[in-house]
>>> print(open('start-v6.pdb').read())   # PDB, C-alpha atoms, pLDDT in the B column
ATOM      1  CA  ASP A   1     -39.087   2.066  -8.254  1.00 63.00           C
ATOM      2  CA  ALA A   2     -36.586  -0.757  -8.145  1.00 66.00           C
ATOM      3  CA  LYS A   3     -35.053  -1.875 -11.419  1.00 86.00           C
ATOM      4  CA  THR A   4     -35.792  -5.349 -12.778  1.00 92.00           C
ATOM      5  CA  THR A   5     -33.676  -7.651 -14.924  1.00 94.00           C
ATOM      6  CA  GLN A   6     -35.168 -10.341 -17.131  1.00 96.00           C
ATOM      7  CA  PRO A   7     -33.665 -12.612 -19.790  1.00 97.00           C
ATOM      8  CA  PRO A   8     -34.458 -11.215 -23.237  1.00 97.00           C
ATOM      9  CA  SER A   9     -35.926 -14.442 -24.565  1.00 97.00           C
ATOM     10  CA  MET A  10     -36.950 -17.971 -23.601  1.00 98.00           C
ATOM     11  CA  ASP A  11     -38.448 -20.974 -25.355  1.00 97.00           C
ATOM     12  CA  CYS A  12     -40.863 -23.502 -23.906  1.00 96.00           C
ATOM     13  CA  ALA A  13     -42.438 -26.653 -25.289  1.00 97.00           C
ATOM     14  CA  GLU A  14     -46.214 -26.692 -25.514  1.00 97.00           C
ATOM     15  CA  GLY A  15     -47.782 -28.414 -22.526  1.00 97.00           C
ATOM     16  CA  ARG A  16     -44.726 -27.952 -20.345  1.00 97.00           C
ATOM     17  CA  ALA A  17     -44.327 -25.463 -17.512  1.00 97.00           C
ATOM     18  CA  ALA A  18     -42.807 -22.101 -18.420  1.00 98.00           C
ATOM     19  CA  ASN A  19     -40.669 -20.592 -15.667  1.00 98.00           C
ATOM     20  CA  LEU A  20     -39.834 -16.938 -16.218  1.00 98.00           C
ATOM     21  CA  PRO A  21     -37.268 -15.401 -13.847  1.00 97.00           C
ATOM     22  CA  CYS A  22     -36.976 -11.811 -12.726  1.00 96.00           C
ATOM     23  CA  ASN A  23     -34.240 -10.222 -10.678  1.00 95.00           C
ATOM     24  CA  HIS A  24     -35.100  -7.232  -8.479  1.00 93.00           C
ATOM     25  CA  SER A  25     -32.206  -7.116  -6.056  1.00 92.00           C
ATOM     26  CA  THR A  26     -32.844  -3.491  -4.996  1.00 89.00           C
ATOM     27  CA  ILE A  27     -36.488  -4.037  -4.088  1.00 89.00           C
ATOM     28  CA  SER A  28     -37.761  -2.148  -1.032  1.00 86.00           C
ATOM     29  CA  GLY A  29     -39.988  -3.494   1.694  1.00 86.00           C
ATOM     30  CA  ASN A  30     -43.096  -1.717   0.434  1.00 84.00           C
ATOM     31  CA  GLU A  31     -42.685  -2.677  -3.229  1.00 87.00           C
ATOM     32  CA  TYR A  32     -44.875  -5.230  -4.928  1.00 90.00           C
ATOM     33  CA  VAL A  33     -43.859  -7.467  -7.821  1.00 93.00           C
ATOM     34  CA  TYR A  34     -46.277  -7.292 -10.754  1.00 93.00           C
ATOM     35  CA  TRP A  35     -46.318  -9.423 -13.885  1.00 96.00           C
ATOM     36  CA  TYR A  36     -47.939  -8.410 -17.164  1.00 96.00           C
ATOM     37  CA  ARG A  37     -47.767  -9.902 -20.615  1.00 97.00           C
ATOM     38  CA  GLN A  38     -48.251  -8.372 -24.023  1.00 97.00           C
ATOM     39  CA  ILE A  39     -49.282 -10.404 -26.991  1.00 95.00           C
ATOM     40  CA  HIS A  40     -48.166  -8.866 -30.267  1.00 87.00           C
ATOM     41  CA  SER A  41     -49.582  -5.351 -30.763  1.00 81.00           C
ATOM     42  CA  GLN A  42     -52.201  -5.733 -28.020  1.00 91.00           C
ATOM     43  CA  GLY A  43     -52.411  -3.928 -24.679  1.00 95.00           C
ATOM     44  CA  PRO A  44     -50.523  -5.430 -21.726  1.00 95.00           C
ATOM     45  CA  GLN A  45     -52.541  -7.972 -19.774  1.00 95.00           C
ATOM     46  CA  TYR A  46     -52.308  -8.194 -15.992  1.00 94.00           C
ATOM     47  CA  ILE A  47     -51.266 -11.662 -14.791  1.00 97.00           C
ATOM     48  CA  ILE A  48     -50.493 -11.645 -11.088  1.00 96.00           C
ATOM     49  CA  HIS A  49     -48.799  -9.690  -8.310  1.00 94.00           C
ATOM     50  CA  GLY A  50     -47.407 -10.305  -4.840  1.00 93.00           C
ATOM     51  CA  LEU A  51     -45.537  -8.744  -1.948  1.00 92.00           C
ATOM     52  CA  LYS A  52     -43.683 -11.573  -0.219  1.00 91.00           C
ATOM     53  CA  ASN A  53     -45.879 -14.638  -0.199  1.00 88.00           C
ATOM     54  CA  ASN A  54     -46.256 -16.949  -3.145  1.00 94.00           C
ATOM     55  CA  GLU A  55     -49.409 -16.302  -5.113  1.00 96.00           C
ATOM     56  CA  THR A  56     -51.521 -18.372  -7.492  1.00 97.00           C
ATOM     57  CA  ASN A  57     -54.467 -17.558  -9.699  1.00 96.00           C
ATOM     58  CA  GLU A  58     -56.154 -19.125 -12.695  1.00 95.00           C
ATOM     59  CA  MET A  59     -53.435 -17.904 -15.039  1.00 94.00           C
ATOM     60  CA  ALA A  60     -50.166 -18.452 -13.210  1.00 97.00           C
ATOM     61  CA  SER A  61     -48.174 -18.826 -10.016  1.00 98.00           C
ATOM     62  CA  LEU A  62     -45.729 -16.305  -8.606  1.00 98.00           C
ATOM     63  CA  ILE A  63     -42.850 -17.503  -6.475  1.00 98.00           C
ATOM     64  CA  ILE A  64     -40.936 -14.799  -4.571  1.00 96.00           C
ATOM     65  CA  THR A  65     -37.689 -15.725  -2.843  1.00 96.00           C
ATOM     66  CA  GLU A  66     -37.452 -15.231   0.886  1.00 95.00           C
ATOM     67  CA  ASP A  67     -35.084 -12.269   0.514  1.00 94.00           C
ATOM     68  CA  ARG A  68     -37.452 -10.870  -2.172  1.00 94.00           C
ATOM     69  CA  LYS A  69     -34.567 -10.171  -4.522  1.00 94.00           C
ATOM     70  CA  SER A  70     -35.936 -12.347  -7.272  1.00 95.00           C
ATOM     71  CA  SER A  71     -39.142 -13.975  -8.405  1.00 96.00           C
ATOM     72  CA  THR A  72     -40.363 -16.545 -10.901  1.00 98.00           C
ATOM     73  CA  LEU A  73     -43.576 -16.532 -12.877  1.00 98.00           C
ATOM     74  CA  ILE A  74     -44.808 -20.033 -13.618  1.00 98.00           C
ATOM     75  CA  LEU A  75     -47.247 -20.855 -16.391  1.00 98.00           C
ATOM     76  CA  PRO A  76     -48.048 -24.478 -15.477  1.00 96.00           C
ATOM     77  CA  HIS A  77     -49.065 -25.819 -18.900  1.00 95.00           C
ATOM     78  CA  ALA A  78     -47.935 -23.443 -21.618  1.00 97.00           C
ATOM     79  CA  THR A  79     -49.939 -23.211 -24.827  1.00 97.00           C
ATOM     80  CA  LEU A  80     -49.141 -21.548 -28.137  1.00 97.00           C
ATOM     81  CA  ARG A  81     -51.376 -18.646 -27.068  1.00 95.00           C
ATOM     82  CA  ASP A  82     -48.981 -17.911 -24.191  1.00 97.00           C
ATOM     83  CA  THR A  83     -46.367 -16.702 -26.681  1.00 97.00           C
ATOM     84  CA  ALA A  84     -45.879 -13.066 -25.647  1.00 97.00           C
ATOM     85  CA  VAL A  85     -43.560 -10.543 -24.036  1.00 97.00           C
ATOM     86  CA  TYR A  86     -43.666 -10.923 -20.249  1.00 98.00           C
ATOM     87  CA  TYR A  87     -42.899  -7.895 -18.095  1.00 96.00           C
ATOM     88  CA  CYS A  88     -41.885  -7.987 -14.449  1.00 95.00           C
ATOM     89  CA  ILE A  89     -42.497  -4.662 -12.698  1.00 92.00           C
ATOM     90  CA  VAL A  90     -41.660  -3.602  -9.177  1.00 89.00           C
ATOM     91  CA  ARG A  91     -43.857  -0.866  -7.802  1.00 84.00           C
ATOM     92  CA  ALA A  92     -44.414   0.680  -4.405  1.00 78.00           C
ATOM     93  CA  TYR A  93     -47.968   0.791  -3.161  1.00 68.00           C
ATOM     94  CA  THR A  94     -47.627   4.489  -2.502  1.00 65.00           C
ATOM     95  CA  ASN A  95     -46.033   5.692  -5.737  1.00 58.00           C
ATOM     96  CA  ALA A  96     -49.190   7.217  -7.182  1.00 63.00           C
ATOM     97  CA  GLY A  97     -49.458   4.772 -10.035  1.00 65.00           C
ATOM     98  CA  LYS A  98     -46.064   5.159 -11.667  1.00 74.00           C
ATOM     99  CA  SER A  99     -45.065   1.914 -13.360  1.00 75.00           C
ATOM    100  CA  THR A 100     -41.731   1.546 -15.077  1.00 81.00           C
ATOM    101  CA  PHE A 101     -41.623  -1.338 -17.532  1.00 86.00           C
ATOM    102  CA  GLY A 102     -38.302  -3.087 -18.138  1.00 86.00           C
ATOM    103  CA  ASP A 103     -37.437  -4.716 -21.443  1.00 90.00           C
ATOM    104  CA  GLY A 104     -39.298  -7.943 -20.619  1.00 95.00           C
ATOM    105  CA  THR A 105     -38.822 -11.556 -21.719  1.00 97.00           C
ATOM    106  CA  THR A 106     -40.098 -12.772 -25.064  1.00 97.00           C
ATOM    107  CA  LEU A 107     -41.507 -16.234 -24.401  1.00 98.00           C
ATOM    108  CA  THR A 108     -41.976 -18.442 -27.434  1.00 98.00           C
ATOM    109  CA  VAL A 109     -44.036 -21.580 -26.903  1.00 98.00           C
ATOM    110  CA  LYS A 110     -43.210 -24.198 -29.513  1.00 97.00           C
ATOM    111  CA  PRO A 111     -45.335 -27.160 -30.587  1.00 95.00           C
TER
ATOM    112  CA  ASP B 112     -65.376  -6.961 -16.110  1.00 59.00           C
ATOM    113  CA  THR B 113     -61.914  -5.470 -16.616  1.00 65.00           C
ATOM    114  CA  GLU B 114     -62.455  -3.818 -19.979  1.00 91.00           C
ATOM    115  CA  VAL B 115     -60.859  -0.595 -21.094  1.00 96.00           C
ATOM    116  CA  THR B 116     -61.877   0.518 -24.577  1.00 97.00           C
ATOM    117  CA  GLN B 117     -59.913   2.777 -26.894  1.00 98.00           C
ATOM    118  CA  THR B 118     -60.900   4.484 -30.115  1.00 97.00           C
ATOM    119  CA  PRO B 119     -59.868   4.630 -32.845  1.00 97.00           C
ATOM    120  CA  LYS B 120     -57.856   1.434 -33.276  1.00 96.00           C
ATOM    121  CA  HIS B 121     -55.748   3.017 -36.003  1.00 97.00           C
ATOM    122  CA  LEU B 122     -55.120   6.664 -36.843  1.00 97.00           C
ATOM    123  CA  VAL B 123     -53.095   8.238 -39.612  1.00 96.00           C
ATOM    124  CA  MET B 124     -52.531  11.974 -39.417  1.00 94.00           C
ATOM    125  CA  GLY B 125     -50.425  14.671 -40.992  1.00 92.00           C
ATOM    126  CA  MET B 126     -48.128  16.932 -39.025  1.00 91.00           C
ATOM    127  CA  THR B 127     -50.585  19.840 -39.264  1.00 90.00           C
ATOM    128  CA  ASN B 128     -53.659  17.888 -38.200  1.00 91.00           C
ATOM    129  CA  LYS B 129     -55.475  17.969 -34.879  1.00 95.00           C
ATOM    130  CA  LYS B 130     -56.892  14.672 -33.675  1.00 96.00           C
ATOM    131  CA  SER B 131     -57.971  13.053 -30.418  1.00 97.00           C
ATOM    132  CA  LEU B 132     -57.642   9.613 -28.899  1.00 98.00           C
ATOM    133  CA  LYS B 133     -60.391   8.389 -26.631  1.00 98.00           C
ATOM    134  CA  CYS B 134     -60.332   5.957 -23.723  1.00 98.00           C
ATOM    135  CA  GLU B 135     -63.279   4.715 -21.683  1.00 97.00           C
ATOM    136  CA  GLN B 136     -63.775   2.447 -18.683  1.00 97.00           C
ATOM    137  CA  HIS B 137     -66.871   1.537 -16.696  1.00 91.00           C
ATOM    138  CA  MET B 138     -65.233  -0.252 -13.793  1.00 93.00           C
ATOM    139  CA  GLY B 139     -65.553   2.657 -11.385  1.00 92.00           C
ATOM    140  CA  HIS B 140     -61.797   3.186 -11.474  1.00 92.00           C
ATOM    141  CA  ARG B 141     -60.579   6.580 -10.262  1.00 91.00           C
ATOM    142  CA  ALA B 142     -57.120   6.598 -11.838  1.00 92.00           C
ATOM    143  CA  MET B 143     -56.424   6.623 -15.571  1.00 94.00           C
ATOM    144  CA  TYR B 144     -53.184   6.592 -17.527  1.00 95.00           C
ATOM    145  CA  TRP B 145     -51.695   7.242 -20.948  1.00 97.00           C
ATOM    146  CA  TYR B 146     -48.657   5.270 -22.110  1.00 96.00           C
ATOM    147  CA  LYS B 147     -46.671   5.462 -25.332  1.00 97.00           C
ATOM    148  CA  GLN B 148     -45.031   2.368 -26.821  1.00 96.00           C
ATOM    149  CA  LYS B 149     -42.589   2.426 -29.699  1.00 96.00           C
ATOM    150  CA  ALA B 150     -41.959  -0.722 -31.723  1.00 93.00           C
ATOM    151  CA  LYS B 151     -40.072  -3.444 -29.819  1.00 91.00           C
ATOM    152  CA  LYS B 152     -39.841  -1.238 -26.712  1.00 93.00           C
ATOM    153  CA  PRO B 153     -41.712  -1.386 -23.395  1.00 93.00           C
ATOM    154  CA  PRO B 154     -44.562   1.026 -22.645  1.00 94.00           C
ATOM    155  CA  GLU B 155     -43.535   4.407 -21.257  1.00 94.00           C
ATOM    156  CA  LEU B 156     -45.773   6.357 -18.906  1.00 93.00           C
ATOM    157  CA  MET B 157     -46.942   9.748 -20.196  1.00 96.00           C
ATOM    158  CA  PHE B 158     -49.719  10.986 -17.885  1.00 95.00           C
ATOM    159  CA  VAL B 159     -51.627   9.915 -14.775  1.00 92.00           C
ATOM    160  CA  TYR B 160     -55.036  11.242 -13.769  1.00 93.00           C
ATOM    161  CA  SER B 161     -56.287  10.635 -10.266  1.00 90.00           C
ATOM    162  CA  TYR B 162     -59.864  11.591  -9.391  1.00 91.00           C
ATOM    163  CA  GLU B 163     -60.086  13.513 -12.683  1.00 93.00           C
ATOM    164  CA  LYS B 164     -57.055  15.653 -11.878  1.00 93.00           C
ATOM    165  CA  LEU B 165     -53.707  15.426 -13.611  1.00 94.00           C
ATOM    166  CA  SER B 166     -51.272  14.057 -11.035  1.00 91.00           C
ATOM    167  CA  ILE B 167     -48.289  13.030 -13.138  1.00 89.00           C
ATOM    168  CA  ASN B 168     -46.921  14.454 -16.395  1.00 92.00           C
ATOM    169  CA  GLU B 169     -43.713  12.700 -17.379  1.00 91.00           C
ATOM    170  CA  SER B 170     -42.300  15.765 -19.165  1.00 92.00           C
ATOM    171  CA  VAL B 171     -44.406  15.107 -22.235  1.00 95.00           C
ATOM    172  CA  PRO B 172     -44.215  17.724 -25.051  1.00 96.00           C
ATOM    173  CA  SER B 173     -47.139  20.138 -25.155  1.00 95.00           C
ATOM    174  CA  ARG B 174     -48.256  18.833 -28.540  1.00 96.00           C
ATOM    175  CA  PHE B 175     -49.851  16.061 -26.447  1.00 97.00           C
ATOM    176  CA  SER B 176     -52.695  17.420 -24.321  1.00 97.00           C
ATOM    177  CA  PRO B 177     -54.599  15.097 -21.987  1.00 97.00           C
ATOM    178  CA  GLU B 178     -58.109  15.680 -20.753  1.00 97.00           C
ATOM    179  CA  CYS B 179     -60.291  13.827 -18.252  1.00 96.00           C
ATOM    180  CA  PRO B 180     -63.884  15.060 -18.691  1.00 95.00           C
ATOM    181  CA  ASN B 181     -65.249  12.625 -16.119  1.00 93.00           C
ATOM    182  CA  SER B 182     -64.172   9.580 -14.151  1.00 90.00           C
ATOM    183  CA  SER B 183     -64.933   7.187 -17.025  1.00 95.00           C
ATOM    184  CA  LEU B 184     -63.382   9.067 -19.911  1.00 97.00           C
ATOM    185  CA  LEU B 185     -59.852  10.020 -20.842  1.00 98.00           C
ATOM    186  CA  ASN B 186     -58.843  11.868 -23.988  1.00 98.00           C
ATOM    187  CA  LEU B 187     -55.483  12.621 -25.541  1.00 98.00           C
ATOM    188  CA  HIS B 188     -55.542  15.601 -27.887  1.00 98.00           C
ATOM    189  CA  LEU B 189     -52.866  15.643 -30.555  1.00 97.00           C
ATOM    190  CA  HIS B 190     -51.626  18.677 -32.452  1.00 95.00           C
ATOM    191  CA  ALA B 191     -48.622  19.353 -34.665  1.00 94.00           C
ATOM    192  CA  LEU B 192     -47.144  15.921 -34.108  1.00 94.00           C
ATOM    193  CA  GLN B 193     -43.884  14.723 -35.597  1.00 95.00           C
ATOM    194  CA  PRO B 194     -43.251  11.454 -37.448  1.00 96.00           C
ATOM    195  CA  GLU B 195     -41.276  10.201 -34.430  1.00 96.00           C
ATOM    196  CA  ASP B 196     -44.514  10.372 -32.416  1.00 97.00           C
ATOM    197  CA  SER B 197     -45.779   7.388 -34.387  1.00 97.00           C
ATOM    198  CA  ALA B 198     -46.383   4.657 -31.816  1.00 97.00           C
ATOM    199  CA  LEU B 199     -48.966   2.542 -30.020  1.00 97.00           C
ATOM    200  CA  TYR B 200     -50.790   4.692 -27.463  1.00 98.00           C
ATOM    201  CA  LEU B 201     -52.127   2.723 -24.533  1.00 97.00           C
ATOM    202  CA  CYS B 202     -54.693   3.734 -21.951  1.00 97.00           C
ATOM    203  CA  ALA B 203     -55.005   2.046 -18.565  1.00 95.00           C
ATOM    204  CA  SER B 204     -57.138   2.437 -15.453  1.00 94.00           C
ATOM    205  CA  SER B 205     -56.990   1.324 -11.841  1.00 91.00           C
ATOM    206  CA  ARG B 206     -59.068   1.633  -8.673  1.00 89.00           C
ATOM    207  CA  GLY B 207     -56.490   3.914  -7.178  1.00 79.00           C
ATOM    208  CA  GLY B 208     -53.122   5.253  -8.115  1.00 63.00           C
ATOM    209  CA  SER B 209     -51.348   2.318  -6.559  1.00 68.00           C
ATOM    210  CA  ASP B 210     -53.612  -0.533  -7.585  1.00 82.00           C
ATOM    211  CA  THR B 211     -53.435  -2.992 -10.466  1.00 89.00           C
ATOM    212  CA  GLN B 212     -53.659  -1.280 -13.831  1.00 92.00           C
ATOM    213  CA  TYR B 213     -55.831  -2.681 -16.614  1.00 93.00           C
ATOM    214  CA  PHE B 214     -54.898  -1.760 -20.158  1.00 95.00           C
ATOM    215  CA  GLY B 215     -56.913  -1.090 -23.268  1.00 97.00           C
ATOM    216  CA  PRO B 216     -55.974  -2.516 -26.688  1.00 96.00           C
ATOM    217  CA  GLY B 217     -54.252   0.684 -27.776  1.00 97.00           C
ATOM    218  CA  THR B 218     -54.446   3.087 -30.703  1.00 97.00           C
ATOM    219  CA  ARG B 219     -51.849   2.637 -33.435  1.00 97.00           C
ATOM    220  CA  LEU B 220     -50.876   6.159 -34.507  1.00 97.00           C
ATOM    221  CA  THR B 221     -48.978   6.965 -37.674  1.00 97.00           C
ATOM    222  CA  VAL B 222     -47.809  10.534 -38.296  1.00 96.00           C
ATOM    223  CA  LEU B 223     -46.922  11.333 -41.888  1.00 94.00           C
TER
END
>>> encode(input="start-v6.pdb", output="structure tokens")
Amino acid sequence: DAKTTQPPSMDCAEGRAANLPCNHSTISGNEYVYWYRQIHSQGPQYIIHGLKNNETNEMASLIITEDRKSSTLILPHATLRDTAVYYCIVRAYTNAGKSTFGDGTTLTVKP
Amino acid sequence: DTEVTQTPKHLVMGMTNKKSLKCEQHMGHRAMYWYKQKAKKPPELMFVYSYEKLSINESVPSRFSPECPNSSLLNLHLHALQPEDSALYLCASSRGGSDTQYFGPGTRLTVL
């Protein structure tokens, strides 16, 4: 699986959009970008994933650059409950379920 | 419903004890996983079961023994653990080995 690079920490004001970047410059054509988050001491929660098109669901939007070497997770209106560690994972569809988590970004939403 | 349940939530055991962690899902998923997470570190994959057969073992010590009795259940048997094995143990499941994984809340294990 391709390696991902994320900033270790970010702050965001409550009610504002949180934009979390992820670099995956060695991504292969068959690798998806997945985003999970982990609120303190809980299990990781799936957020969204995509291959090359931008994706949106009820939780967030995922913007993938045209060259697919980086992506941004957007939480449109961050709340205090969005404070968590956010993990960007790149995984091939055919890798039998192996997921390698990077160090993630600790997002702190402040009132 | 994307719920994966894990029991117990907390477990304290001595180095000579034998204990088991249990994971259950009723989503019809055919792949199940065990991860280990140390404090302030990302989860690390331990085992993958696909269609009730062990498909990946990430060189985990034999004191950890996984078992998949049926497609809904996954156990992790623990024996002769060391204090450094203290961690959050996470279970996950997915429709197939390559699909989105859904995680349980984890079991916080302390080895004395």
>>> residues_around(input="start-v6.pdb", residues="Val90 of chain A", least_positions_apart="5", cutoff="10 Å", atoms="all atoms listed in the file", output="list in words")
Asp1, Ala2, Lys3, Thr4, His24, Thr26, Ile27, Ser28, Asn30, Glu31, Tyr32, Val33, Tyr34, Trp35, His49, Gly50, Leu51, Ser99, Thr100, Phe101 and Gly102 of chain A
>>> resolve_selection(input="start-v6.pdb", expression="the PyMOL selection byres ((chain B and resi 159) around 9)", output="PyMOL selection string")
(chain A and resi 96-98) or (chain B and resi 142-145+156-158+160-161+164-169+208)
>>> write_last_selection(input="start-v6.pdb", atoms="C-alpha atoms", output="PDB file, in the frame of the given file")
ATOM      1  CA  ALA A  96     -49.190   7.217  -7.182  1.00 63.00           C
ATOM      2  CA  GLY A  97     -49.458   4.772 -10.035  1.00 65.00           C
ATOM      3  CA  LYS A  98     -46.064   5.159 -11.667  1.00 74.00           C
TER       4      LYS A  98
ATOM      5  CA  ALA B 142     -57.120   6.598 -11.838  1.00 92.00           C
ATOM      6  CA  MET B 143     -56.424   6.623 -15.571  1.00 94.00           C
ATOM      7  CA  TYR B 144     -53.184   6.592 -17.527  1.00 95.00           C
ATOM      8  CA  TRP B 145     -51.695   7.242 -20.948  1.00 97.00           C
ATOM      9  CA  LEU B 156     -45.773   6.357 -18.906  1.00 93.00           C
ATOM     10  CA  MET B 157     -46.942   9.748 -20.196  1.00 96.00           C
ATOM     11  CA  PHE B 158     -49.719  10.986 -17.885  1.00 95.00           C
ATOM     12  CA  TYR B 160     -55.036  11.242 -13.769  1.00 93.00           C
ATOM     13  CA  SER B 161     -56.287  10.635 -10.266  1.00 90.00           C
ATOM     14  CA  LYS B 164     -57.055  15.653 -11.878  1.00 93.00           C
ATOM     15  CA  LEU B 165     -53.707  15.426 -13.611  1.00 94.00           C
ATOM     16  CA  SER B 166     -51.272  14.057 -11.035  1.00 91.00           C
ATOM     17  CA  ILE B 167     -48.289  13.030 -13.138  1.00 89.00           C
ATOM     18  CA  ASN B 168     -46.921  14.454 -16.395  1.00 92.00           C
ATOM     19  CA  GLU B 169     -43.713  12.700 -17.379  1.00 91.00           C
ATOM     20  CA  GLY B 208     -53.122   5.253  -8.115  1.00 63.00           C
TER      21      GLY B 208
END
>>> residues_around(input="start-v6.pdb", residues="Thr72 of chain A", least_positions_apart="4", cutoff="9 Å", atoms="only C-alpha atoms", output="CSV table (one decimal) with C-alpha atoms, in the frame of the given file")
chain,number,residue,atom,x,y,z
A,19,ASN,CA,-40.7,-20.6,-15.7
A,20,LEU,CA,-39.8,-16.9,-16.2
A,21,PRO,CA,-37.3,-15.4,-13.8
A,22,CYS,CA,-37.0,-11.8,-12.7
A,23,ASN,CA,-34.2,-10.2,-10.7
A,61,SER,CA,-48.2,-18.8,-10.0
A,62,LEU,CA,-45.7,-16.3,-8.6
A,63,ILE,CA,-42.8,-17.5,-6.5
A,64,ILE,CA,-40.9,-14.8,-4.6
A,65,THR,CA,-37.7,-15.7,-2.8
>>> closest_residue(input="start-v6.pdb", among="B:Pro153, B:Met124, B:Gln136, B:Lys130", to="Asp103 of chain A", atoms="all atoms listed in the file")
B:Pro153
>>> residues_near_point(input="start-v6.pdb", point="(-55.9, 2.6, -14.3)", cutoff="8 Å", atoms="all atoms listed in the file", output="short mmCIF file (atom, residue, chain, number, x, y, z; two decimals) with C-alpha atoms, in the frame of the given file")
data_model
loop_
_atom_site.label_atom_id
_atom_site.label_comp_id
_atom_site.auth_asym_id
_atom_site.auth_seq_id
_atom_site.Cartn_x
_atom_site.Cartn_y
_atom_site.Cartn_z
CA HIS B 140 -61.80 3.19 -11.47
CA ARG B 141 -60.58 6.58 -10.26
CA ALA B 142 -57.12 6.60 -11.84
CA MET B 143 -56.42 6.62 -15.57
CA TYR B 144 -53.18 6.59 -17.53
CA CYS B 202 -54.69 3.73 -21.95
CA ALA B 203 -55.00 2.05 -18.57
CA SER B 204 -57.14 2.44 -15.45
CA SER B 205 -56.99 1.32 -11.84
CA ARG B 206 -59.07 1.63 -8.67
CA GLY B 207 -56.49 3.91 -7.18
CA GLY B 208 -53.12 5.25 -8.12
CA ASP B 210 -53.61 -0.53 -7.58
CA THR B 211 -53.44 -2.99 -10.47
CA GLN B 212 -53.66 -1.28 -13.83
CA TYR B 213 -55.83 -2.68 -16.61
CA PHE B 214 -54.90 -1.76 -20.16
#
>>> resolve_selection(input="start-v6.pdb", expression="the PyMOL selection byres ((chain B and resi 127) around 12)", output="list in words")
Val123, Met124, Gly125, Met126, Asn128, Lys129, Lys130, Arg174, Leu189, His190, Ala191, Leu192, Gln193, Pro194, Val222 and Leu223 of chain B
>>> write_last_selection(input="start-v6.pdb", atoms="C-alpha atoms", output="PDB file, keeping the file's coordinate frame")
ATOM      1  CA  VAL B 123     -53.095   8.238 -39.612  1.00 96.00           C
ATOM      2  CA  MET B 124     -52.531  11.974 -39.417  1.00 94.00           C
ATOM      3  CA  GLY B 125     -50.425  14.671 -40.992  1.00 92.00           C
ATOM      4  CA  MET B 126     -48.128  16.932 -39.025  1.00 91.00           C
ATOM      5  CA  ASN B 128     -53.659  17.888 -38.200  1.00 91.00           C
ATOM      6  CA  LYS B 129     -55.475  17.969 -34.879  1.00 95.00           C
ATOM      7  CA  LYS B 130     -56.892  14.672 -33.675  1.00 96.00           C
ATOM      8  CA  ARG B 174     -48.256  18.833 -28.540  1.00 96.00           C
ATOM      9  CA  LEU B 189     -52.866  15.643 -30.555  1.00 97.00           C
ATOM     10  CA  HIS B 190     -51.626  18.677 -32.452  1.00 95.00           C
ATOM     11  CA  ALA B 191     -48.622  19.353 -34.665  1.00 94.00           C
ATOM     12  CA  LEU B 192     -47.144  15.921 -34.108  1.00 94.00           C
ATOM     13  CA  GLN B 193     -43.884  14.723 -35.597  1.00 95.00           C
ATOM     14  CA  PRO B 194     -43.251  11.454 -37.448  1.00 96.00           C
ATOM     15  CA  VAL B 222     -47.809  10.534 -38.296  1.00 96.00           C
ATOM     16  CA  LEU B 223     -46.922  11.333 -41.888  1.00 94.00           C
TER      17      LEU B 223
END
>>> resolve_selection(input="start-v6.pdb", expression="the PyMOL selection byres ((chain A and resi 59) around 10)", output="VMD selection string")
chain A and resid 46 to 48 56 to 58 60 to 61 74 to 77
>>> axis_aligned_box(input="start-v6.pdb", around="segment 171-175 of chain B", padding_each_side="4 Å", output="lines of an AutoDock Vina configuration file")
center_x = -47.0
center_y = 17.6
center_z = -25.4
size_x = 13.6
size_y = 13.0
size_z = 14.3
>>> closest_residue(input="start-v6.pdb", among="B:Val171, B:Leu122, B:Met138, B:Ala150", to="chain A", atoms="all atoms listed in the file")
B:Ala150
>>> atom_distance(input="start-v6.pdb", atom1="atom CA of His40 of chain A", atom2="atom CA of Val85 of chain A")
7.9 Å
>>> residues_around(input="start-v6.pdb", residues="His121 of chain B", least_positions_apart="4", cutoff="9 Å", atoms="only C-alpha atoms", output="PyMOL selection string")
chain B and resi 217-221
>>> residues_around(input="start-v6.pdb", residues="Arg81 of chain A", least_positions_apart="2", cutoff="10 Å", atoms="all atoms listed in the file", output="list in words")
Glu14, Ile39, Ala78, Thr79, Thr83, Ala84, Thr108 and Val109 of chain A
>>> atom_distance(input="start-v6.pdb", atom1="atom CA of His188 of chain B", atom2="atom CA of Gln117 of chain B")
13.6 Å
>>> atom_distance(input="start-v6.pdb", atom1="atom CA of Thr106 of chain A", atom2="atom CA of Gln38 of chain A")
9.3 Å
